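Structure data follow from final_29.pdb (PDB, C-alpha atoms and all ligand atoms):
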```
ATOM      1  CA  MET K1430     -46.791 124.836 165.933
ATOM      2  CA  THR K1431     -45.832 127.689 163.656
ATOM      3  CA  ILE K1432     -46.750 130.926 165.380
ATOM      4  CA  THR K1433     -46.760 134.138 163.378
ATOM      5  CA  THR K1434     -47.535 137.441 165.030
ATOM      6  CA  LEU K1435     -48.593 140.148 162.598
ATOM      7  CA  SER K1436     -48.654 143.860 163.242
ATOM      8  CA  SER K1437     -52.323 144.311 162.331
ATOM      9  CA  VAL K1438     -55.520 142.353 161.874
ATOM     10  CA  GLU K1439     -55.402 143.282 158.169
ATOM     11  CA  ASP K1440     -51.993 141.624 157.806
ATOM     12  CA  LEU K1441     -53.233 138.582 159.700
ATOM     13  CA  ASN K1442     -56.225 138.277 157.378
ATOM     14  CA  ILE K1443     -53.993 138.572 154.315
ATOM     15  CA  ALA K1444     -51.570 135.907 155.573
ATOM     16  CA  ALA K1445     -54.345 133.439 156.400
ATOM     17  CA  ALA K1446     -56.288 134.132 153.191
ATOM     18  CA  GLU K1447     -53.143 133.620 151.090
ATOM     19  CA  LEU K1448     -52.604 130.247 152.665
ATOM     20  CA  PHE K1449     -56.146 129.171 151.743
ATOM     21  CA  ILE K1450     -55.995 130.619 148.223
ATOM     22  CA  LYS K1451     -52.691 128.858 147.505
ATOM     23  CA  ALA K1452     -54.095 125.571 148.784
ATOM     24  CA  VAL K1453     -57.209 125.809 146.601
ATOM     25  CA  ARG K1454     -55.129 126.689 143.542
ATOM     26  CA  LEU K1455     -52.812 123.762 144.207
ATOM     27  CA  ASN K1456     -55.640 121.306 144.782
ATOM     28  CA  PRO K1457     -58.964 122.395 143.224
ATOM     29  CA  LYS K1458     -60.670 119.371 144.848
ATOM     30  CA  ILE K1459     -59.488 120.275 148.323
ATOM     31  CA  VAL K1460     -61.662 119.622 151.377
ATOM     32  CA  LEU K1461     -61.724 122.770 153.491
ATOM     33  CA  GLY K1462     -62.933 123.236 157.039
ATOM     34  CA  PHE K1463     -64.449 126.591 157.896
ATOM     35  CA  SER K1464     -65.348 128.375 161.105
ATOM     36  CA  THR K1465     -67.701 131.174 162.082
ATOM     37  CA  GLY K1466     -67.589 134.125 164.470
ATOM     38  CA  ASN K1467     -65.851 137.441 164.124
ATOM     39  CA  SER K1468     -62.351 136.088 163.512
ATOM     40  CA  PRO K1469     -62.780 134.632 159.988
ATOM     41  CA  LYS K1470     -64.901 137.454 158.510
ATOM     42  CA  GLY K1471     -61.964 139.432 157.075
ATOM     43  CA  ILE K1472     -60.425 136.292 155.612
ATOM     44  CA  TYR K1473     -63.682 135.422 153.855
ATOM     45  CA  GLN K1474     -63.811 138.911 152.348
ATOM     46  CA  LEU K1475     -60.333 138.393 150.934
ATOM     47  CA  LEU K1476     -61.246 134.982 149.501
ATOM     48  CA  ILE K1477     -64.213 136.608 147.741
ATOM     49  CA  GLN K1478     -62.063 139.470 146.488
ATOM     50  CA  ASP K1479     -59.485 137.029 145.115
ATOM     51  CA  HIS K1480     -62.195 134.915 143.492
ATOM     52  CA  LEU K1481     -63.590 137.964 141.698
ATOM     53  CA  ARG K1482     -60.224 139.419 140.709
ATOM     54  CA  ASN K1483     -58.103 136.341 140.060
ATOM     55  CA  LYS K1484     -60.818 133.795 139.316
ATOM     56  CA  THR K1485     -59.683 131.265 141.902
ATOM     57  CA  SER K1486     -62.388 128.645 141.523
ATOM     58  CA  TYR K1487     -64.217 126.740 144.245
ATOM     59  CA  LYS K1488     -66.285 124.667 141.798
ATOM     60  CA  SER K1489     -64.805 121.376 142.961
ATOM     61  CA  VAL K1490     -64.117 122.320 146.569
ATOM     62  CA  THR K1491     -65.916 120.580 149.435
ATOM     63  CA  THR K1492     -66.340 122.278 152.798
ATOM     64  CA  PHE K1493     -67.267 121.279 156.322
ATOM     65  CA  ASN K1494     -68.101 123.769 159.040
ATOM     66  CA  LEU K1495     -67.294 123.255 162.665
ATOM     67  CA  ASP K1496     -70.608 123.780 164.362
ATOM     68  CA  GLU K1497     -74.227 124.940 164.483
ATOM     69  CA  TYR K1498     -76.648 126.079 167.181
ATOM     70  CA  GLU K1499     -79.475 123.762 168.188
ATOM     71  CA  GLY K1500     -82.891 124.627 166.810
ATOM     72  CA  LEU K1501     -81.844 127.014 164.047
ATOM     73  CA  ASP K1502     -82.270 126.320 160.366
ATOM     74  CA  GLY K1503     -80.410 127.993 157.536
ATOM     75  CA  SER K1504     -83.012 130.723 157.117
ATOM     76  CA  SER K1505     -82.351 132.000 160.631
ATOM     77  CA  GLU K1506     -79.934 134.931 160.516
ATOM     78  CA  GLN K1507     -78.186 133.697 163.643
ATOM     79  CA  SER K1508     -77.501 130.254 162.251
ATOM     80  CA  TYR K1509     -73.984 129.416 161.177
ATOM     81  CA  ARG K1510     -75.365 128.135 157.840
ATOM     82  CA  TYR K1511     -76.766 131.602 157.182
ATOM     83  CA  PHE K1512     -73.453 133.149 158.268
ATOM     84  CA  MET K1513     -71.486 130.987 155.844
ATOM     85  CA  ASP K1514     -73.863 131.568 152.949
ATOM     86  CA  THR K1515     -73.914 135.334 153.368
ATOM     87  CA  HIS K1516     -70.262 135.867 154.328
ATOM     88  CA  LEU K1517     -68.746 133.460 151.827
ATOM     89  CA  PHE K1518     -70.553 130.803 149.814
ATOM     90  CA  ASP K1519     -73.057 133.102 148.056
ATOM     91  CA  HIS K1520     -70.115 135.044 146.629
ATOM     92  CA  LEU K1521     -68.071 132.129 145.282
ATOM     93  CA  ASP K1522     -68.653 129.680 142.435
ATOM     94  CA  ILE K1523     -68.927 126.863 144.971
ATOM     95  CA  ASP K1524     -71.566 124.147 144.572
ATOM     96  CA  LYS K1525     -73.723 124.665 147.673
ATOM     97  CA  SER K1526     -74.453 120.950 147.851
ATOM     98  CA  ASN K1527     -70.748 120.451 148.596
ATOM     99  CA  THR K1528     -70.872 122.818 151.572
ATOM    100  CA  HIS K1529     -71.704 121.173 154.859
ATOM    101  CA  VAL K1530     -72.742 122.663 158.177
ATOM    102  CA  PRO K1531     -73.915 120.367 161.000
ATOM    103  CA  SER K1532     -77.690 120.349 161.319
ATOM    104  CA  GLY K1533     -79.125 121.893 164.463
ATOM    105  CA  LEU K1534     -82.508 120.321 163.745
ATOM    106  CA  GLY K1535     -84.053 116.872 164.147
ATOM    107  CA  ASP K1536     -82.249 113.966 165.751
ATOM    108  CA  LEU K1537     -78.976 115.624 166.717
ATOM    109  CA  GLU K1538     -77.290 112.373 167.760
ATOM    110  CA  ALA K1539     -78.039 110.715 164.429
ATOM    111  CA  GLY K1540     -77.109 113.909 162.591
ATOM    112  CA  SER K1541     -73.750 113.960 164.364
ATOM    113  CA  ARG K1542     -72.934 110.397 163.262
ATOM    114  CA  ILE K1543     -73.918 111.233 159.699
ATOM    115  CA  TYR K1544     -71.686 114.328 159.785
ATOM    116  CA  ASP K1545     -68.667 112.258 160.842
ATOM    117  CA  GLU K1546     -69.421 109.768 158.075
ATOM    118  CA  MET K1547     -69.648 112.535 155.491
ATOM    119  CA  ILE K1548     -66.240 113.903 156.528
ATOM    120  CA  GLU K1549     -64.777 110.407 156.294
ATOM    121  CA  LYS K1550     -66.383 109.797 152.906
ATOM    122  CA  ALA K1551     -64.892 113.038 151.607
ATOM    123  CA  GLY K1552     -61.455 111.717 152.572
ATOM    124  CA  GLY K1553     -61.054 113.906 155.661
ATOM    125  CA  ILE K1554     -60.409 117.620 155.922
ATOM    126  CA  ASP K1555     -57.249 118.896 154.225
ATOM    127  CA  LEU K1556     -57.152 122.385 155.664
ATOM    128  CA  GLN K1557     -59.215 123.552 158.621
ATOM    129  CA  LEU K1558     -59.653 127.143 159.781
ATOM    130  CA  ILE K1559     -60.387 127.580 163.484
ATOM    131  CA  GLY K1560     -60.813 130.303 166.042
ATOM    132  CA  ILE K1561     -60.567 130.161 169.801
ATOM    133  CA  GLY K1562     -63.044 131.129 172.502
ATOM    134  CA  THR K1563     -61.917 133.226 175.480
ATOM    135  CA  ASN K1564     -62.133 130.069 177.603
ATOM    136  CA  GLY K1565     -59.983 128.109 175.159
ATOM    137  CA  HIS K1566     -62.808 126.345 173.348
ATOM    138  CA  ILE K1567     -62.365 125.286 169.751
ATOM    139  CA  ALA K1568     -65.574 125.004 167.702
ATOM    140  CA  PHE K1569     -68.013 124.436 170.593
ATOM    141  CA  ASN K1570     -65.736 122.029 172.443
ATOM    142  CA  GLU K1571     -65.937 123.599 175.859
ATOM    143  CA  PRO K1572     -63.490 122.935 178.726
ATOM    144  CA  GLY K1573     -63.836 119.343 179.902
ATOM    145  CA  THR K1574     -64.657 117.922 176.458
ATOM    146  CA  PRO K1575     -62.743 114.662 175.938
ATOM    147  CA  PHE K1576     -59.899 114.924 173.438
ATOM    148  CA  ASN K1577     -61.210 111.829 171.630
ATOM    149  CA  SER K1578     -64.627 113.372 170.930
ATOM    150  CA  ARG K1579     -66.235 113.361 167.516
ATOM    151  CA  THR K1580     -69.242 115.339 166.327
ATOM    152  CA  HIS K1581     -71.574 115.677 169.299
ATOM    153  CA  ILE K1582     -74.084 117.835 171.156
ATOM    154  CA  ALA K1583     -72.413 120.443 173.344
ATOM    155  CA  ASN K1584     -73.798 122.444 176.256
ATOM    156  CA  LEU K1585     -72.565 126.012 175.984
ATOM    157  CA  THR K1586     -70.864 127.479 179.052
ATOM    158  CA  GLU K1587     -71.893 130.793 180.637
ATOM    159  CA  GLU K1588     -68.711 132.365 179.258
ATOM    160  CA  THR K1589     -69.542 131.313 175.705
ATOM    161  CA  ILE K1590     -73.158 132.446 176.045
ATOM    162  CA  GLU K1591     -71.881 135.790 177.352
ATOM    163  CA  ALA K1592     -69.478 136.122 174.397
ATOM    164  CA  ASN K1593     -71.956 135.058 171.706
ATOM    165  CA  TYR K1594     -75.417 136.234 172.766
ATOM    166  CA  LYS K1595     -75.068 139.670 171.110
ATOM    167  CA  ASP K1596     -75.973 138.046 167.788
ATOM    168  CA  PHE K1597     -79.335 137.192 169.319
ATOM    169  CA  LEU K1598     -82.094 139.492 170.552
ATOM    170  CA  SER K1599     -81.387 138.686 174.187
ATOM    171  CA  LYS K1600     -79.428 136.355 176.423
ATOM    172  CA  ASP K1601     -82.556 134.188 176.693
ATOM    173  CA  GLY K1602     -82.684 133.941 172.908
ATOM    174  CA  ILE K1603     -79.365 132.202 172.357
ATOM    175  CA  PRO K1604     -79.620 128.403 172.141
ATOM    176  CA  LYS K1605     -77.884 126.752 175.082
ATOM    177  CA  ARG K1606     -76.777 123.771 173.031
ATOM    178  CA  ALA K1607     -75.023 123.262 169.728
ATOM    179  CA  VAL K1608     -73.790 120.491 167.470
ATOM    180  CA  THR K1609     -70.036 120.628 167.102
ATOM    181  CA  MET K1610     -67.282 118.708 165.432
ATOM    182  CA  GLY K1611     -65.312 117.036 168.216
ATOM    183  CA  ILE K1612     -61.722 117.640 169.218
ATOM    184  CA  GLN K1613     -60.614 114.388 167.585
ATOM    185  CA  SER K1614     -62.416 115.385 164.375
ATOM    186  CA  ILE K1615     -60.554 118.704 164.353
ATOM    187  CA  MET K1616     -57.213 117.057 165.160
ATOM    188  CA  GLU K1617     -57.662 114.715 162.196
ATOM    189  CA  ALA K1618     -57.587 117.620 159.716
ATOM    190  CA  LYS K1619     -54.296 117.401 157.853
ATOM    191  CA  GLN K1620     -53.518 121.066 158.419
ATOM    192  CA  LEU K1621     -54.948 123.519 160.932
ATOM    193  CA  VAL K1622     -54.903 127.289 160.705
ATOM    194  CA  MET K1623     -55.909 129.244 163.785
ATOM    195  CA  VAL K1624     -56.551 132.974 163.746
ATOM    196  CA  ALA K1625     -56.976 135.060 166.888
ATOM    197  CA  PHE K1626     -56.832 138.758 167.500
ATOM    198  CA  GLY K1627     -57.642 141.166 170.297
ATOM    199  CA  LYS K1628     -56.713 141.447 173.972
ATOM    200  CA  ASN K1629     -59.570 139.230 175.137
ATOM    201  CA  LYS K1630     -57.910 136.237 173.429
ATOM    202  CA  ALA K1631     -54.453 136.774 174.972
ATOM    203  CA  GLY K1632     -55.025 134.640 178.090
ATOM    204  CA  ALA K1633     -56.379 131.667 176.149
ATOM    205  CA  ILE K1634     -53.590 131.953 173.559
ATOM    206  CA  LYS K1635     -50.909 131.879 176.254
ATOM    207  CA  LYS K1636     -52.406 128.782 177.889
ATOM    208  CA  MET K1637     -52.914 127.089 174.530
ATOM    209  CA  ILE K1638     -49.275 127.536 173.529
ATOM    210  CA  GLU K1639     -47.348 127.545 176.802
ATOM    211  CA  GLY K1640     -49.620 125.725 179.215
ATOM    212  CA  PRO K1641     -50.041 122.014 179.886
ATOM    213  CA  ILE K1642     -52.116 119.946 177.481
ATOM    214  CA  HIS K1643     -55.325 119.486 179.432
ATOM    215  CA  THR K1644     -59.036 119.172 178.683
ATOM    216  CA  ASP K1645     -59.590 122.290 180.843
ATOM    217  CA  MET K1646     -58.013 124.188 177.931
ATOM    218  CA  PRO K1647     -59.345 122.385 174.831
ATOM    219  CA  ALA K1648     -57.111 124.317 172.405
ATOM    220  CA  SER K1649     -53.964 123.090 174.210
ATOM    221  CA  ILE K1650     -54.300 119.799 172.292
ATOM    222  CA  LEU K1651     -53.172 121.684 169.185
ATOM    223  CA  GLN K1652     -49.636 121.430 170.616
ATOM    224  CA  LYS K1653     -49.793 117.807 169.453
ATOM    225  CA  HIS K1654     -50.955 118.501 165.901
ATOM    226  CA  PRO K1655     -48.154 117.982 163.340
ATOM    227  CA  ASN K1656     -49.166 120.860 161.066
ATOM    228  CA  VAL K1657     -50.722 123.859 162.759
ATOM    229  CA  THR K1658     -50.195 127.486 161.815
ATOM    230  CA  ILE K1659     -51.314 130.171 164.232
ATOM    231  CA  PHE K1660     -51.784 133.758 163.119
ATOM    232  CA  LEU K1661     -52.014 136.307 165.922
ATOM    233  CA  ASP K1662     -52.113 140.060 166.167
ATOM    234  CA  GLN K1663     -49.946 141.881 168.709
ATOM    235  CA  GLU K1664     -52.718 141.967 171.294
ATOM    236  CA  ALA K1665     -53.557 138.282 171.166
ATOM    237  CA  ALA K1666     -49.819 137.517 171.387
ATOM    238  CA  SER K1667     -49.171 140.038 174.172
ATOM    239  CA  LEU K1668     -48.915 137.541 177.047
ATOM    240  CA  LEU K1669     -46.626 135.070 175.275
ATOM    241  CA  LYS K1670     -43.035 134.665 176.556
ATOM    242  CA  LYS K1671     -40.701 136.779 174.447
TER     243      LYS K1671
HETATM  244  C1  LIG C   1     -67.764 130.570 168.735
HETATM  245  C2  LIG C   1     -67.527 129.495 167.680
HETATM  246  C3  LIG C   1     -66.067 129.166 167.541
HETATM  247  C4  LIG C   1     -65.279 130.441 167.412
HETATM  248  C5  LIG C   1     -65.368 131.214 168.698
HETATM  249  C6  LIG C   1     -64.635 132.538 168.661
HETATM  250  O1  LIG C   1     -68.151 130.080 169.956
HETATM  251  N1  LIG C   1     -68.267 128.306 167.954
HETATM  252  O2  LIG C   1     -65.886 128.333 166.406
HETATM  253  O3  LIG C   1     -63.920 130.149 167.161
HETATM  254  O4  LIG C   1     -66.732 131.480 168.990
HETATM  255  O5  LIG C   1     -65.409 133.491 167.994
HETATM  256  P1  LIG C   1     -64.908 134.921 167.585
HETATM  257  O6  LIG C   1     -64.065 134.737 166.399
HETATM  258  O7  LIG C   1     -66.161 135.682 167.279
HETATM  259  O8  LIG C   1     -64.166 135.474 168.744
END
```

In structure tokens, write the structure found in this file.
Ligand code: GLP
Amino acid sequence: MTITTLSSVEDLNIAAAELFIKAVRLNPKIVLGFSTGNSPKGIYQLLIQDHLRNKTSYKSVTTFNLDEYEGLDGSSEQSYRYFMDTHLFDHLDIDKSNTHVPSGLGDLEAGSRIYDEMIEKAGGIDLQLIGIGTNGHIAFNEPGTPFNSRTHIANLTEETIEANYKDFLSKDGIPKRAVTMGIQSIMEAKQLVMVAFGKNKAGAIKKMIEGPIHTDMPASILQKHPNVTIFLDQEAASLLKK
């Protein structure tokens, strides 16, 4: 694990965005993994800015997103497909048909198998961006999810519903299930980049880095990944041993 603590969220966004931009420039046919939530928003803005200013091209890039809520299609503003389109894809020269977000509609089991096959067919994910939930979840792999899981249906925990429901009209409005890439699927990415900032992530970050590797703390499995870079701000890093 390479852990870098930056003095501000801006610096963290710049460091993570640079890593992605360099990778795309080096390999224009790269397969990228993207995440949603608050954490990647600043990075996506920088990727767009760089694309406009420096013409970094995403024409031949393929992407896979981590997860999607059950029952939402891409026209729903709360869907992760909508998030990705509006926060990133609509502003790049990427071919939308090469951008993949798990489907939250139809036969979710079958859709999950197809998603795994598509990742495999693309040759696996070269560089995957991830965030972390306050309970240590990665994507929607909640505590207790087996480390060997692949894309599957996940039941969201109370803590995750509490953290995420503000995007919805009410707590009743947030779907209670999602389709998520599994922990094994994430671990198979050749390189992982995690970004986390803010005090509310400090406890999970400490357990992820210093705690035992256990399914109670899904992110702790990252300790075993051969190429993971973690960008933190001071607050998220505040509980780590000096
Ligand atoms: C959600 C997503 C995760 C994300 C996490 C943290 O539950 N499924 O992929 O990493 O929340 O989100 P945020 O960055 O908004 O704190």

Check every protein, DNA and RNA residue against ligand LIG 1 (chain C), keep those with an atom at most 7 Å away (counting all atoms listed in the file), and present them as an NGL selection string.
:K and (1464-1469 or 1495-1496 or 1559-1562 or 1567-1569 or 1589 or 1593)

Could you state the separation of CA of Val1624 (chain K) and CA of His1516 (chain K) in Å, given to one decimal place?
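Going from CA of Val1624 (chain K) over to CA of His1516 (chain K), I get 16.9 Å.
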
I'd like the interatomic distance between CA of Lys1619 (chain K) and CA of Ile1554 (chain K), to a tenth of an Å.
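Interatomic distance, CA of Lys1619 (chain K) to CA of Ile1554 (chain K): 6.4 Å.
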
How far is it from CA of Phe1597 (chain K) to CA of Ser1508 (chain K), in Å with one decimal?
10.1 Å

If the box runs along x, y and z of the file and leaves 8 Å on each side of region 1437-1453 of chain K, what are its centre and edge lengths in Å, one decimal, as AutoDock Vina command-line options?
```
--center_x -54.4 --center_y 134.9 --center_z 154.5 --size_x 21.6 --size_y 34.7 --size_z 31.7
```

Residues matched by the PyMOL selection byres (((chain K and resi 1668) around 10) and not hetatm) as a list in words:
Lys1628, Lys1630, Ala1631, Gly1632, Ala1633, Ile1634, Lys1635, Lys1636, Gln1663, Glu1664, Ala1665, Ala1666, Ser1667, Leu1669, Lys1670 and Lys1671 of chain K

Taking only C-alpha atoms into account, name the residue in K:Leu1501, K:Leu1556, K:Leu1651, K:Val1622 that is nearest to Lys1605 (chain K).
K:Leu1501

Kindly resolve the PyMOL selection byres (((chain K and resi 1523-1529) around 12) and not hetatm) on the present coordinates and return the residues as an mmCIF file with C-alpha atoms, in the frame of the given file.
```
data_model
loop_
_atom_site.group_PDB
_atom_site.id
_atom_site.type_symbol
_atom_site.label_atom_id
_atom_site.label_comp_id
_atom_site.auth_asym_id
_atom_site.auth_seq_id
_atom_site.Cartn_x
_atom_site.Cartn_y
_atom_site.Cartn_z
ATOM 1 C CA VAL K 1453 -57.209 125.809 146.601
ATOM 2 C CA PRO K 1457 -58.964 122.395 143.224
ATOM 3 C CA LYS K 1458 -60.670 119.371 144.848
ATOM 4 C CA ILE K 1459 -59.488 120.275 148.323
ATOM 5 C CA VAL K 1460 -61.662 119.622 151.377
ATOM 6 C CA LEU K 1461 -61.724 122.770 153.491
ATOM 7 C CA GLY K 1462 -62.933 123.236 157.039
ATOM 8 C CA PHE K 1463 -64.449 126.591 157.896
ATOM 9 C CA SER K 1464 -65.348 128.375 161.105
ATOM 10 C CA ILE K 1477 -64.213 136.608 147.741
ATOM 11 C CA HIS K 1480 -62.195 134.915 143.492
ATOM 12 C CA THR K 1485 -59.683 131.265 141.902
ATOM 13 C CA SER K 1486 -62.388 128.645 141.523
ATOM 14 C CA TYR K 1487 -64.217 126.740 144.245
ATOM 15 C CA LYS K 1488 -66.285 124.667 141.798
ATOM 16 C CA SER K 1489 -64.805 121.376 142.961
ATOM 17 C CA VAL K 1490 -64.117 122.320 146.569
ATOM 18 C CA THR K 1491 -65.916 120.580 149.435
ATOM 19 C CA THR K 1492 -66.340 122.278 152.798
ATOM 20 C CA PHE K 1493 -67.267 121.279 156.322
ATOM 21 C CA ASN K 1494 -68.101 123.769 159.040
ATOM 22 C CA LEU K 1495 -67.294 123.255 162.665
ATOM 23 C CA ASP K 1496 -70.608 123.780 164.362
ATOM 24 C CA GLU K 1497 -74.227 124.940 164.483
ATOM 25 C CA GLY K 1503 -80.410 127.993 157.536
ATOM 26 C CA TYR K 1509 -73.984 129.416 161.177
ATOM 27 C CA ARG K 1510 -75.365 128.135 157.840
ATOM 28 C CA TYR K 1511 -76.766 131.602 157.182
ATOM 29 C CA MET K 1513 -71.486 130.987 155.844
ATOM 30 C CA ASP K 1514 -73.863 131.568 152.949
ATOM 31 C CA LEU K 1517 -68.746 133.460 151.827
ATOM 32 C CA PHE K 1518 -70.553 130.803 149.814
ATOM 33 C CA ASP K 1519 -73.057 133.102 148.056
ATOM 34 C CA HIS K 1520 -70.115 135.044 146.629
ATOM 35 C CA LEU K 1521 -68.071 132.129 145.282
ATOM 36 C CA ASP K 1522 -68.653 129.680 142.435
ATOM 37 C CA VAL K 1530 -72.742 122.663 158.177
ATOM 38 C CA PRO K 1531 -73.915 120.367 161.000
ATOM 39 C CA SER K 1532 -77.690 120.349 161.319
ATOM 40 C CA GLY K 1540 -77.109 113.909 162.591
ATOM 41 C CA ILE K 1543 -73.918 111.233 159.699
ATOM 42 C CA TYR K 1544 -71.686 114.328 159.785
ATOM 43 C CA ASP K 1545 -68.667 112.258 160.842
ATOM 44 C CA MET K 1547 -69.648 112.535 155.491
ATOM 45 C CA ILE K 1548 -66.240 113.903 156.528
ATOM 46 C CA ALA K 1551 -64.892 113.038 151.607
ATOM 47 C CA ILE K 1554 -60.409 117.620 155.922
ATOM 48 C CA MET K 1610 -67.282 118.708 165.432
#
```

Each residue of region 1599-1646 of chain K lying at most 10 Å from region 1432-1449 of chain K should get a row with its shortest atom-to-atom pair and the distance in Å to one decimal, counting all atoms listed in the file; could you produce that, ordered by chain and increasing number, as JSON lines?
```
{"residue": "K:Val1622", "atom": "CA", "partner": "K:Ala1445", "partner_atom": "CA", "distance": 7.5}
{"residue": "K:Met1623", "atom": "CA", "partner": "K:Ala1445", "partner_atom": "CA", "distance": 8.6}
{"residue": "K:Val1624", "atom": "CA", "partner": "K:Leu1441", "partner_atom": "CA", "distance": 7.7}
{"residue": "K:Ala1625", "atom": "CA", "partner": "K:Leu1441", "partner_atom": "CA", "distance": 8.8}
{"residue": "K:Phe1626", "atom": "CA", "partner": "K:Val1438", "partner_atom": "CA", "distance": 6.8}
{"residue": "K:Gly1627", "atom": "CA", "partner": "K:Val1438", "partner_atom": "CA", "distance": 8.8}
{"residue": "K:Ile1638", "atom": "CA", "partner": "K:Ile1432", "partner_atom": "CA", "distance": 9.2}
```

So which one's closest to Thr1515 (chain K), K:Lys1451, K:Asp1555, K:Tyr1473, K:Pro1641? Using only C-alpha atoms, please.
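Counting only C-alpha atoms, the residue closest to Thr1515 (chain K) is K:Tyr1473.
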
May I have the protein, DNA and RNA residues with an atom at most 8 Å from (-64.9, 112.1, 172.9), counting all atoms listed in the file in the file's coordinates, returned as a VMD selection string?
chain K and resid 1574 to 1579 1611 to 1613

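Nearest residue to Asn1584 (chain K), choosing from K:Arg1542, K:Arg1454, K:Arg1606, K:Lys1484 and counting all atoms listed in the file: K:Arg1606.
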
Residues at most 8 Å from Gln1652 (chain K), counting all atoms listed in the file, excluding those fewer than 6 positions away in the same chain, as a PyMOL selection string?
chain K and resi 1430+1637-1638+1642

I want to know what sits within 6 Å of Pro1647 (chain K), based on only C-alpha atoms, with residues of the same chain fewer than 4 positions away left out; could you give that as a short mmCIF file (atom, residue, chain, number, x, y, z; two decimals) with C-alpha atoms, in the frame of the given file?
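Contents of the output file around-v5.cif:
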```
data_model
loop_
_atom_site.label_atom_id
_atom_site.label_comp_id
_atom_site.auth_asym_id
_atom_site.auth_seq_id
_atom_site.Cartn_x
_atom_site.Cartn_y
_atom_site.Cartn_z
CA GLY K 1565 -59.98 128.11 175.16
CA HIS K 1566 -62.81 126.34 173.35
CA PRO K 1572 -63.49 122.94 178.73
#
```

Write out as an mmCIF file with C-alpha atoms, in the frame of the given file the residues lying within 8 Å of Ala1583 (chain K), counting all atoms listed in the file and excluding same-chain residues fewer than 3 positions away.
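Result file follows (selection-v4.cif):
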```cif
data_model
loop_
_atom_site.group_PDB
_atom_site.id
_atom_site.type_symbol
_atom_site.label_atom_id
_atom_site.label_comp_id
_atom_site.auth_asym_id
_atom_site.auth_seq_id
_atom_site.Cartn_x
_atom_site.Cartn_y
_atom_site.Cartn_z
ATOM 1 C CA PHE K 1569 -68.013 124.436 170.593
ATOM 2 C CA ASN K 1570 -65.736 122.029 172.443
ATOM 3 C CA GLU K 1571 -65.937 123.599 175.859
ATOM 4 C CA ARG K 1606 -76.777 123.771 173.031
ATOM 5 C CA ALA K 1607 -75.023 123.262 169.728
ATOM 6 C CA VAL K 1608 -73.790 120.491 167.470
ATOM 7 C CA THR K 1609 -70.036 120.628 167.102
#
```

Just checking: using all atoms listed in the file, which residue out of K:Ile1590, K:Ala1539, K:Leu1558, K:Leu1621 ends up closest to His1654 (chain K)?
K:Leu1621

Give the answer as one residue: which of K:Leu1481, K:Leu1537, K:Met1646, K:Leu1475 has the shortest atom-to-atom distance to His1581 (chain K), using only C-alpha atoms?
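Counting only C-alpha atoms, the residue closest to His1581 (chain K) is K:Leu1537.
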
Could you tell me which of K:Thr1563, K:Phe1512, K:Glu1546, K:Ile1450 comes closest to Asn1483 (chain K) if we count all atoms listed in the file?
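Of K:Thr1563, K:Phe1512, K:Glu1546, K:Ile1450, the one nearest Asn1483 (chain K) is K:Ile1450, counting all atoms listed in the file.
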